[in-house]
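> Here it is, the structure in full.
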Amino acid sequence: MVARVRATTASGGTEKAARALRAALRADPQDRDGRRELVLLLAASGRWEEALPWCAEPGAGEAPGTGVRTGEGAGADEEEWLPEAITVALERRDFLLAEGCALLFARLRWGSSDPAVRSAVPLSVPKLRHDIDQMRHLRELGVLGEEYDRVVEDYRSVHDRLADAGPGTREPLDTDANRGIAPTYNRLLHVRDTPRVARALSGRWDPATVEEEYVTNAPGVVTVDDFLGEEALEELYRFCLESTVWFGNRYDHGRLGSLMQDGFVCPLLTQIAEELRAALPRLIGDRYPLRQIWGFKCGPDVPADVTTHADFAAVNVNFWITPDAANTDEHSGGLVVHDVDAPLSWGFDSYNGRQDLIRPFLRSRGARSITIPYRRNRAVIFNSDLFHASDAVRFRPGYENLRINVTMLYGDRAEELHHPRLSGAGTSGLRPAWRSAAFARTRARS
């Protein structure tokens, strides 16, 4: 279906096909395949707002004030097929379609006014503190109205109550006990419009030199300064400050994360991913499709060596965008990369978070580490199989001083060709956590 949709948009037949699909759906509202094809067609042409009402099953209700259908049949359907559509679009290097589907999924999951739809993320002191500061920031910019002054006060009351119980306290959202914040907590209130720029990557580094250094020097770690052009860097920083997409709240030490499917996607981000693929044909090119984009916020203080993990990819591109003035220690705040890769026999939960397994394994292998200090607009491009962790973070207090890193993952770890040294026997059929079994069946059929 994705290939057919792309062929239609490429031939300029989008509007004609959309009219035909709408007419067919009026005649047969139960045509699930037709409805999905219309959604993908509109998303592929950047018209994801028009696609929203078509994402739910016929007969579902509508969330008040959103124009988005909810109710029985609305959530389960899009939870299954939209993530698959994102992954297939990325596999086919169709960034516009992937972006549109990701925004649709985020809007459906996090845009609803019904708190029950957004109750998966628990209340915590760091999350509440971040949201208070972000809403204040958006109020100063005039993005949110004065009615949010009362909302901020309600957030502060809940924050203080949890802080009194202990800074690590976490509890589910109780809509009765937290009526003042329930309508907005974990809600996609605002995604900053962040379009493409003339050129995203700066011209101050040489891609051919980066490729040569990565390919010829094991285990594959390259540092790139002045990574983005100034316009792209500033626009992306503002996107991270203003977009209310920071729903990932399961991490220690107050770190918050966001995936494409949470709304961490915009034309500029996909432009960067696309330009990287073209700029590094030997390193990424057509060999490794983009698998995921995510962002993390943390600070002001995070200990060293608490996040050691490997990622499910072949190549990892990690870059930092918070101004250097926020960092109180110019020798720290960056990334530590070990010269030992995760065994292919380890499952995702083991190599991505089991410190009780990872640390003894690194000691047994006599791992040596490379420490790359934090610098704004510095990228670290490395073999994603390698165990790595954030270095100690000591940033200044304040919302705009939170340390922000962006990660783009390309390819699959089992298909890493530049440095094929493996720490253990492989296992077949491994998939990253965000990829569905349905997508595995799609690849098997192709």
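We label chains A, B, ... in the order they appear in the structure tokens, count residues from 1 in each chain, and number ligands from 1 in the order shown.
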Compile the contact shell of Arg22 in chain A as a count of residues only: residues with an atom at most 12 Å away, counting only C-alpha atoms, same-chain residues fewer than 2 positions apart removed.
25
> Name the residues in contact with range 341-343 of chain A at a cut-off of 12 Å, using only C-alpha atoms, excluding same-chain residues fewer than 4 positions from it; report them as a ChimeraX atom specification.
/A:218-220,308-314,337,347-354,357-359,361-362,365,367-369,382-388,413-414,416,419-427
> Find the nearest atom pair between each residue of range 188-245 of chain A and range 109-127 of chain A for residues within 10 Å, count only C-alpha atoms, give distances in Å to one decimal, sort rows by chain and ascending number, and present the table as a Markdown table.

| residue | atom | partner | partner_atom | distance |
| --- | --- | --- | --- | --- |
| A:Leu188 | CA | A:Gly111 | CA | 4.8 |
| A:Leu189 | CA | A:Gly111 | CA | 7.1 |
| A:His190 | CA | A:Gly111 | CA | 9.4 |
| A:Thr244 | CA | A:Trp110 | CA | 9.8 |
| A:Val245 | CA | A:Trp110 | CA | 8.5 |
> Looking at only C-alpha atoms, which of A:Trp205, A:Arg403, A:Val222, A:Arg378 is the one that sits closest to Gly295 in chain A?
A:Arg403
> Please return, as a ChimeraX atom specification, all residues of range 149-343 of chain A that DSSP assigns to strand (DSSP E) on the basis of the backbone.
/A:170-171,221-224,256-259,290-298,301-302,315-320,335-341
> Save the residues we just selected, N, CA and C atoms, as a short mmCIF file (atom, residue, chain, number, x, y, z; two decimals), in the first residue's frame?

data_model
loop_
_atom_site.label_atom_id
_atom_site.label_comp_id
_atom_site.auth_asym_id
_atom_site.auth_seq_id
_atom_site.Cartn_x
_atom_site.Cartn_y
_atom_site.Cartn_z
N ARG A 170 6.76 8.46 42.11
CA ARG A 170 6.03 8.36 40.85
C ARG A 170 4.65 7.79 41.16
N GLU A 171 3.63 8.32 40.50
CA GLU A 171 2.29 7.78 40.72
C GLU A 171 1.47 7.99 39.46
N VAL A 221 34.35 5.37 15.47
CA VAL A 221 33.87 6.52 16.25
C VAL A 221 34.47 7.77 15.64
N VAL A 222 33.65 8.72 15.22
CA VAL A 222 34.11 9.96 14.60
C VAL A 222 33.39 11.14 15.24
N THR A 223 34.12 12.20 15.55
CA THR A 223 33.54 13.42 16.09
C THR A 223 33.51 14.49 15.00
N VAL A 224 32.38 15.17 14.89
CA VAL A 224 32.20 16.21 13.87
C VAL A 224 31.75 17.49 14.56
N LEU A 256 14.10 12.93 30.21
CA LEU A 256 12.87 12.82 29.43
C LEU A 256 13.23 12.57 27.97
N GLY A 257 12.46 11.69 27.33
CA GLY A 257 12.73 11.36 25.93
C GLY A 257 11.51 11.52 25.06
N SER A 258 11.76 11.53 23.75
CA SER A 258 10.67 11.63 22.78
C SER A 258 11.10 10.96 21.48
N LEU A 259 10.21 10.13 20.92
CA LEU A 259 10.44 9.44 19.65
C LEU A 259 9.65 10.13 18.53
N LEU A 290 17.06 4.95 7.49
CA LEU A 290 16.78 5.54 8.80
C LEU A 290 15.78 4.66 9.54
N ARG A 291 16.06 4.37 10.81
CA ARG A 291 15.17 3.54 11.62
C ARG A 291 14.39 4.35 12.67
N GLN A 292 15.03 5.36 13.23
CA GLN A 292 14.36 6.11 14.29
C GLN A 292 15.08 7.43 14.51
N ILE A 293 14.32 8.42 14.98
CA ILE A 293 14.86 9.70 15.46
C ILE A 293 14.31 9.90 16.86
N TRP A 294 15.18 10.29 17.79
CA TRP A 294 14.68 10.63 19.12
C TRP A 294 15.47 11.78 19.70
N GLY A 295 14.90 12.37 20.75
CA GLY A 295 15.58 13.42 21.50
C GLY A 295 15.50 13.12 22.98
N PHE A 296 16.50 13.63 23.73
CA PHE A 296 16.50 13.50 25.18
C PHE A 296 16.81 14.86 25.79
N LYS A 297 16.15 15.13 26.91
CA LYS A 297 16.47 16.29 27.74
C LYS A 297 16.90 15.78 29.11
N CYS A 298 17.93 16.42 29.68
CA CYS A 298 18.31 16.08 31.05
C CYS A 298 19.04 17.26 31.67
N ASP A 301 21.80 17.99 36.77
CA ASP A 301 22.84 17.08 37.25
C ASP A 301 22.44 15.64 36.98
N VAL A 302 23.33 14.92 36.30
CA VAL A 302 23.15 13.49 36.07
C VAL A 302 24.50 12.82 36.29
N VAL A 315 24.49 2.29 12.54
CA VAL A 315 25.20 3.55 12.69
C VAL A 315 24.35 4.50 13.52
N ASN A 316 24.99 5.13 14.50
CA ASN A 316 24.34 6.07 15.41
C ASN A 316 24.91 7.46 15.15
N VAL A 317 24.04 8.43 14.91
CA VAL A 317 24.44 9.83 14.77
C VAL A 317 23.82 10.59 15.93
N ASN A 318 24.66 11.04 16.87
CA ASN A 318 24.21 11.74 18.08
C ASN A 318 24.79 13.14 18.08
N PHE A 319 23.94 14.16 18.28
CA PHE A 319 24.47 15.53 18.31
C PHE A 319 23.75 16.35 19.37
N TRP A 320 24.44 17.40 19.83
CA TRP A 320 23.99 18.22 20.96
C TRP A 320 23.66 19.64 20.48
N LEU A 335 29.74 12.29 25.80
CA LEU A 335 29.46 10.89 25.57
C LEU A 335 30.71 10.06 25.85
N VAL A 336 30.49 8.88 26.44
CA VAL A 336 31.56 7.90 26.65
C VAL A 336 31.24 6.69 25.79
N VAL A 337 32.14 6.34 24.87
CA VAL A 337 31.94 5.19 23.98
C VAL A 337 33.00 4.14 24.29
N HIS A 338 32.57 2.92 24.56
CA HIS A 338 33.48 1.82 24.83
C HIS A 338 33.84 1.11 23.52
N ASP A 339 34.99 0.47 23.49
CA ASP A 339 35.44 -0.20 22.27
C ASP A 339 34.99 -1.66 22.20
N VAL A 340 33.91 -1.98 22.92
CA VAL A 340 33.35 -3.33 22.93
C VAL A 340 31.90 -3.25 22.48
N ASP A 341 31.53 -4.14 21.57
CA ASP A 341 30.17 -4.14 21.06
C ASP A 341 29.31 -5.17 21.79
#
> Determine, counting only C-alpha atoms, which protein, DNA and RNA residues have an atom within 10 Å of an atom of Arg136 in chain A; residues of the same chain fewer than 5 positions away are not included. Present the result as JSON, numbers by chain.
{"A": [130, 131, 141, 142, 143, 144, 148, 149, 152, 399]}
> Determine which residues of range 133-223 of chain A DSSP labels as alpha helix (DSSP H) from the backbone of this structure, then write them out as number ranges by chain.
A: 133-141, 148-165, 207-216
> Need the shell around Asn178 in chain A: protein/DNA/RNA residues with any atom at most 9 Å away, counting only C-alpha atoms. Skip same-chain ones fewer than 3 positions apart. Format as a list in words?
Asp154, Tyr155, Val158, Leu173, Asp174, Thr175, Ile181 and Ala182 of chain A
> Store the residues of this selection in a file with C-alpha atoms, as a PDB file, in the first residue's frame.

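As written to disk, selection_11.pdb reads:
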ATOM      1  CA  ASP A 154      -2.208  23.504  39.581  1.00  0.00           C
ATOM      2  CA  TYR A 155       0.921  21.783  38.266  1.00  0.00           C
ATOM      3  CA  VAL A 158       0.918  18.591  42.421  1.00  0.00           C
ATOM      4  CA  LEU A 173      -2.479  10.204  36.877  1.00  0.00           C
ATOM      5  CA  ASP A 174      -5.655  10.282  38.956  1.00  0.00           C
ATOM      6  CA  THR A 175      -8.181  12.450  37.121  1.00  0.00           C
ATOM      7  CA  ILE A 181      -3.774  19.134  35.381  1.00  0.00           C
ATOM      8  CA  ALA A 182      -5.631  16.129  33.923  1.00  0.00           C
TER       9      ALA A 182
END
